[in-house]
Every structure is written in C-alpha cells, then in structure tokens.
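Below: upload_5.tsv (TSV, C-alpha atoms)
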```tsv
chain	number	residue	atom	x	y	z
A	1	MET	CA	125.03	37.80	28.67
A	2	ALA	CA	128.67	38.86	28.61
A	3	SER	CA	130.74	38.49	31.74
A	4	GLY	CA	130.88	41.67	33.83
A	5	SER	CA	127.75	43.23	32.39
A	6	THR	CA	124.89	44.22	34.65
A	7	SER	CA	121.49	42.63	34.21
A	8	PHE	CA	118.28	44.62	34.27
A	9	PRO	CA	116.99	43.04	37.50
A	10	THR	CA	120.23	44.02	39.23
A	11	ARG	CA	119.88	47.61	37.97
A	12	ARG	CA	116.26	47.74	39.12
A	13	ALA	CA	117.27	46.44	42.54
A	14	ALA	CA	120.03	49.05	42.77
A	15	ALA	CA	117.58	51.77	41.71
A	16	ALA	CA	115.11	50.64	44.38
A	17	ARG	CA	117.89	50.64	47.00
A	18	ASN	CA	118.89	54.17	45.96
A	19	ARG	CA	115.29	55.36	46.17
A	20	ASP	CA	114.97	53.83	49.64
A	21	LYS	CA	118.27	55.43	50.72
A	22	ILE	CA	117.03	58.82	49.52
A	23	LEU	CA	113.71	58.46	51.34
A	24	ASP	CA	115.45	57.29	54.53
A	25	ALA	CA	117.84	60.25	54.39
A	26	ALA	CA	115.00	62.68	53.71
A	27	ARG	CA	112.89	61.20	56.52
A	28	GLU	CA	115.75	61.66	58.96
A	29	ALA	CA	116.59	65.15	57.67
A	30	PHE	CA	113.01	66.41	57.88
A	31	ALA	CA	112.61	65.02	61.40
A	32	ASP	CA	114.69	67.98	62.63
A	33	PRO	CA	112.41	71.03	62.40
A	34	ALA	CA	115.34	73.43	62.84
A	35	ALA	CA	117.37	72.05	59.93
A	36	GLU	CA	117.55	73.76	56.55
A	37	ILE	CA	117.38	70.84	54.15
A	38	SER	CA	118.45	71.22	50.55
A	39	MET	CA	118.25	68.58	47.85
A	40	ALA	CA	122.06	68.51	47.83
A	41	GLU	CA	122.06	67.77	51.57
A	42	ILE	CA	119.62	64.91	51.08
A	43	ALA	CA	121.79	63.48	48.29
A	44	ARG	CA	124.85	63.78	50.56
A	45	ARG	CA	123.10	62.07	53.46
A	46	ALA	CA	121.84	59.30	51.16
A	47	ASP	CA	125.31	58.88	49.67
A	48	VAL	CA	124.00	59.23	46.11
A	49	GLY	CA	124.79	61.66	43.35
A	50	MET	CA	122.55	64.55	42.39
A	51	ALA	CA	121.66	62.81	39.12
A	52	THR	CA	120.42	59.79	41.07
A	53	LEU	CA	118.41	62.01	43.36
A	54	TYR	CA	116.77	63.91	40.49
A	55	ARG	CA	116.20	60.72	38.47
A	56	ASN	CA	114.11	59.44	41.38
A	57	PHE	CA	112.57	62.75	42.42
A	58	PRO	CA	112.60	65.49	39.74
A	59	GLY	CA	112.02	68.15	42.39
A	60	ARG	CA	111.58	68.84	46.07
A	61	GLN	CA	107.79	68.58	45.82
A	62	GLU	CA	107.97	65.06	44.36
A	63	LEU	CA	110.35	64.01	47.14
A	64	LEU	CA	108.07	65.45	49.82
A	65	GLU	CA	105.00	63.82	48.28
A	66	ALA	CA	106.72	60.41	48.14
A	67	LEU	CA	107.98	60.76	51.69
A	68	TYR	CA	104.54	61.73	52.98
A	69	ALA	CA	102.83	58.93	51.03
A	70	ASP	CA	105.28	56.35	52.43
A	71	GLU	CA	104.53	57.52	55.96
A	72	VAL	CA	100.79	57.35	55.34
A	73	ASP	CA	101.26	53.84	53.89
A	74	ALA	CA	102.88	52.77	57.18
A	75	LEU	CA	100.05	54.36	59.16
A	76	CYS	CA	97.46	52.57	57.01
A	77	GLU	CA	99.25	49.23	57.43
A	78	ALA	CA	99.27	49.72	61.20
A	79	ALA	CA	95.45	49.72	61.16
A	80	GLY	CA	95.60	45.97	60.48
A	81	GLU	CA	97.72	45.08	63.51
A	82	ASP	CA	96.29	42.62	66.02
A	83	ALA	CA	95.10	43.81	69.43
A	84	PRO	CA	93.26	42.15	72.32
A	85	SER	CA	90.09	44.21	71.83
A	86	PRO	CA	88.55	46.65	69.35
A	87	SER	CA	89.24	49.61	71.65
A	88	ALA	CA	92.86	48.50	72.11
A	89	ALA	CA	93.27	48.30	68.33
A	90	LEU	CA	91.84	51.82	67.98
A	91	VAL	CA	94.01	53.24	70.78
A	92	ASN	CA	97.16	51.60	69.37
A	93	TRP	CA	96.41	53.11	65.98
A	94	LEU	CA	95.62	56.54	67.43
A	95	ARG	CA	98.96	56.43	69.28
A	96	ARG	CA	100.64	55.68	65.96
A	97	LEU	CA	98.78	58.61	64.40
A	98	PHE	CA	99.79	60.88	67.28
A	99	ALA	CA	103.46	59.92	66.82
A	100	PHE	CA	103.08	60.50	63.07
A	101	VAL	CA	101.71	64.06	63.21
A	102	PRO	CA	104.52	66.12	64.83
A	103	GLY	CA	107.28	64.65	62.68
A	104	LYS	CA	105.38	65.46	59.50
A	105	ARG	CA	104.64	69.11	60.30
A	106	LEU	CA	107.63	70.38	58.27
A	107	ILE	CA	106.85	68.08	55.35
A	108	VAL	CA	103.18	69.06	55.29
A	109	SER	CA	103.89	72.78	55.61
A	110	GLU	CA	106.35	72.60	52.70
A	111	LEU	CA	103.90	70.60	50.60
A	112	LEU	CA	101.21	73.17	51.27
A	113	GLU	CA	103.66	75.94	50.37
A	114	HIS	CA	104.37	74.29	47.00
A	115	THR	CA	100.87	73.03	46.23
A	116	GLY	CA	98.30	75.05	48.17
A	117	PRO	CA	95.60	74.09	50.66
A	118	GLY	CA	93.62	71.89	48.24
A	119	SER	CA	96.60	69.64	47.54
A	120	PRO	CA	95.63	66.10	46.53
A	121	ALA	CA	98.89	64.93	48.11
A	122	ILE	CA	97.66	66.12	51.50
A	123	HIS	CA	93.94	65.48	51.29
A	124	GLY	CA	94.19	62.23	49.34
A	125	ASN	CA	96.53	60.81	51.94
A	126	ARG	CA	94.33	62.06	54.79
A	127	ASP	CA	91.41	60.28	53.10
A	128	ARG	CA	93.47	57.07	52.88
A	129	ALA	CA	94.34	57.30	56.58
A	130	LEU	CA	90.71	57.95	57.49
A	131	ALA	CA	89.62	54.96	55.41
A	132	ALA	CA	92.17	52.77	57.20
A	133	GLY	CA	91.18	53.93	60.68
A	134	ARG	CA	87.41	54.13	60.25
A	135	PRO	CA	86.84	50.34	60.67
A	136	LEU	CA	88.79	50.49	63.95
A	137	LEU	CA	86.54	53.22	65.35
A	138	THR	CA	83.40	51.48	64.07
A	139	ALA	CA	84.43	48.16	65.65
A	140	ALA	CA	85.19	49.82	69.00
A	141	GLN	CA	81.88	51.69	68.89
A	142	ASP	CA	79.95	48.55	67.88
A	143	ALA	CA	81.58	46.71	70.81
A	144	ARG	CA	80.38	49.60	73.03
A	145	GLU	CA	83.95	50.16	74.20
A	146	VAL	CA	84.19	53.78	73.06
A	147	ARG	CA	81.78	56.69	72.70
A	148	ASP	CA	79.56	56.64	69.66
A	149	ASP	CA	79.18	60.41	69.34
A	150	LEU	CA	82.65	61.06	67.85
A	151	THR	CA	83.77	60.70	64.26
A	152	LEU	CA	87.23	59.77	63.14
A	153	GLU	CA	87.58	63.21	61.55
A	154	GLN	CA	86.99	64.75	64.99
A	155	LEU	CA	89.63	62.50	66.51
A	156	PHE	CA	92.09	63.45	63.74
A	157	ASP	CA	91.45	67.13	64.39
A	158	LEU	CA	91.87	66.66	68.13
A	159	ILE	CA	95.15	64.78	67.67
A	160	ALA	CA	96.42	67.46	65.28
A	161	ALA	CA	95.51	70.16	67.82
A	162	ILE	CA	97.38	68.36	70.61
A	163	ALA	CA	100.38	67.79	68.34
A	164	LYS	CA	100.59	71.53	67.66
A	165	ILE	CA	101.16	72.28	71.35
A	166	HIS	CA	104.81	73.15	71.94
A	167	GLY	CA	106.42	70.72	74.31
A	168	ASP	CA	108.40	67.54	74.45
A	169	PRO	CA	106.76	64.09	74.43
A	170	ASP	CA	106.72	63.96	78.25
A	171	TYR	CA	104.64	67.15	78.27
A	172	LEU	CA	102.28	66.04	75.50
A	173	GLU	CA	101.69	62.44	76.64
A	174	PRO	CA	99.35	63.25	79.57
A	175	ILE	CA	97.33	65.57	77.32
A	176	PHE	CA	97.01	62.82	74.72
A	177	GLN	CA	96.15	60.28	77.44
A	178	THR	CA	93.37	62.59	78.64
A	179	MET	CA	91.96	62.55	75.11
A	180	LEU	CA	92.11	58.74	75.08
A	181	ASP	CA	90.41	58.59	78.49
A	182	GLY	CA	87.65	60.76	77.05
A	183	LEU	CA	86.94	58.11	74.38
A	184	ARG	CA	85.50	55.75	76.97
A	185	ARG	CA	81.74	55.45	77.00
A	186	PRO	CA	80.15	57.41	79.83
A	187	ALA	CA	78.97	55.19	82.66
```
Translate this file's structure into structure tokens.
Amino acid sequence: MASGSTSFPTRRAAAARNRDKILDAAREAFADPAAEISMAEIARRADVGMATLYRNFPGRQELLEALYADEVDALCEAAGEDAPSPSAALVNWLRRLFAFVPGKRLIVSELLEHTGPGSPAIHGNRDRALAAGRPLLTAAQDAREVRDDLTLEQLFDLIAAIAKIHGDPDYLEPIFQTMLDGLRRPA
C-alpha cells in the first residue's frame, strides 16, 4: 500500500464513528420535545457533512428507525443485568423501560406519522422488548415474588399510560412507584 493512502479498515472505522456521531446527535436532539429538528441540524450537531448524513441514513425515517432500534437494543440488553432476586431484576428493567418511554415519544410519533400505525419499526421493536422482558416477569412470578395475574403487555401499557402524564420526573416517580408496589403478591 502506498504511503499516505487510507486502508479499507480505517475507512470502515471512520464510517462507523460517523454513524455513531449522527445517532448520538440525533438522540440528544430528539430528547428535547420542543425542538424542531431538521436533518441539517442533526448533521451540524454531529459535525458531519450532509453527504455523510444521507450516506448513512437516506432519509429522516431511516434515521428515526435506526435511533429507535438502538434504544430498544439497549433496553433488551438491560434485561440480562444481574440483580439480587427475580423481582429486583424485573423492577430494575421496568425502571429502565419507564425511563425509555418519555424520551422516545417524539421519535415514535414521527415514525408513526411517516409509516402508519402498523409500522414494523414500532411493533417489531416492541415485540423484541417484550421477548427480552418476558423471562424476567416469568422468573419473578415463578419465585412468587410478584402477582401472577398480570402480563408483560399489561405492564407495558401501564408504563406507557404513566409516561403520558404531564409532569417532571419528581411528579411521575411516586405514580410509577405505586405501580411497582402493586406488583407485589397480595398477602
């Protein structure tokens, strides 16, 4: 290889870094529900050119789908974290899910706007999250640490309902804690 030329692995690494920078910038930008976020603004925040942005994400929908999928990946990985008991593992994961929901409202609403209510990007990722969390609920129920009359889908819906309540985290936390308290098996 001639001196000064770039090797393919170096280009691939740079491309991966650029993709990560774009996703990080988009994640931060979409965390502010009041912000109007354009693709140009995301490129600016990521410190990449528009060509780099569009080479990685041909359109806004592809960027939103990738961002949402990355967040669901992190949620799914969190299902494997160690905890002192099955119910503690479930509660830790549900807390992670609860923190996940409000920050993704803008992303999900835009995805639904571009794709419609039957979007595989939304429902496929929900299915992945349910599959990751289901063993946690089953283990906690089998250990008789939580109620056995609730499904994970019901817990998801309850968390989503709480997350839709307008208020800061200090306002929402006791409501969420009440839900968690309600998971305990009746005496």
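The spacing separating CA of Val101 in chain A from CA of Lys164 in chain A amounts to 8.8 Å.
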If we count only C-alpha atoms, what is near Ala187 in chain A at a cut-off of 12 Å, once residues fewer than 3 positions away on the same chain are taken out, given as an mmCIF file with C-alpha atoms, in the coordinates of the input?
```cif
data_model
loop_
_atom_site.group_PDB
_atom_site.id
_atom_site.type_symbol
_atom_site.label_atom_id
_atom_site.label_comp_id
_atom_site.auth_asym_id
_atom_site.auth_seq_id
_atom_site.Cartn_x
_atom_site.Cartn_y
_atom_site.Cartn_z
ATOM 1 C CA ARG A 144 80.380 49.600 73.030
ATOM 2 C CA GLU A 145 83.950 50.160 74.200
ATOM 3 C CA VAL A 146 84.190 53.780 73.060
ATOM 4 C CA ARG A 147 81.780 56.690 72.700
ATOM 5 C CA GLY A 182 87.650 60.760 77.050
ATOM 6 C CA LEU A 183 86.940 58.110 74.380
ATOM 7 C CA ARG A 184 85.500 55.750 76.970
#
```
Between CA of Ala69 in chain A and CA of Gly49 in chain A, what is the spacing in Å? 23.4 Å
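For the choices A:Ala129, A:Ala13, A:Ile122, A:Ala88, the atom-to-atom distance to Gln141 in chain A is smallest for A:Ala88 when using all atoms listed in the file.
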Could you check which residues have any atom within 9 Å of (93.8, 49.3, 60.0), counting only C-alpha atoms with coordinates taken straight from the file, and then list them as a count of residues only? 17
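Residue neighbourhood of Ala40 in chain A, excluding near-sequence residues (fewer than 4 positions): Arg44, Arg45, Ala46, Val48, Gly49, Met50 and Leu53 of chain A, at 10 Å, using all atoms listed in the file.
Distances to Gly59 in chain A were evaluated for A:Leu152, A:Ile42, A:Ala31, A:Ala83 using all atoms listed in the file, and the minimum falls at A:Ile42.
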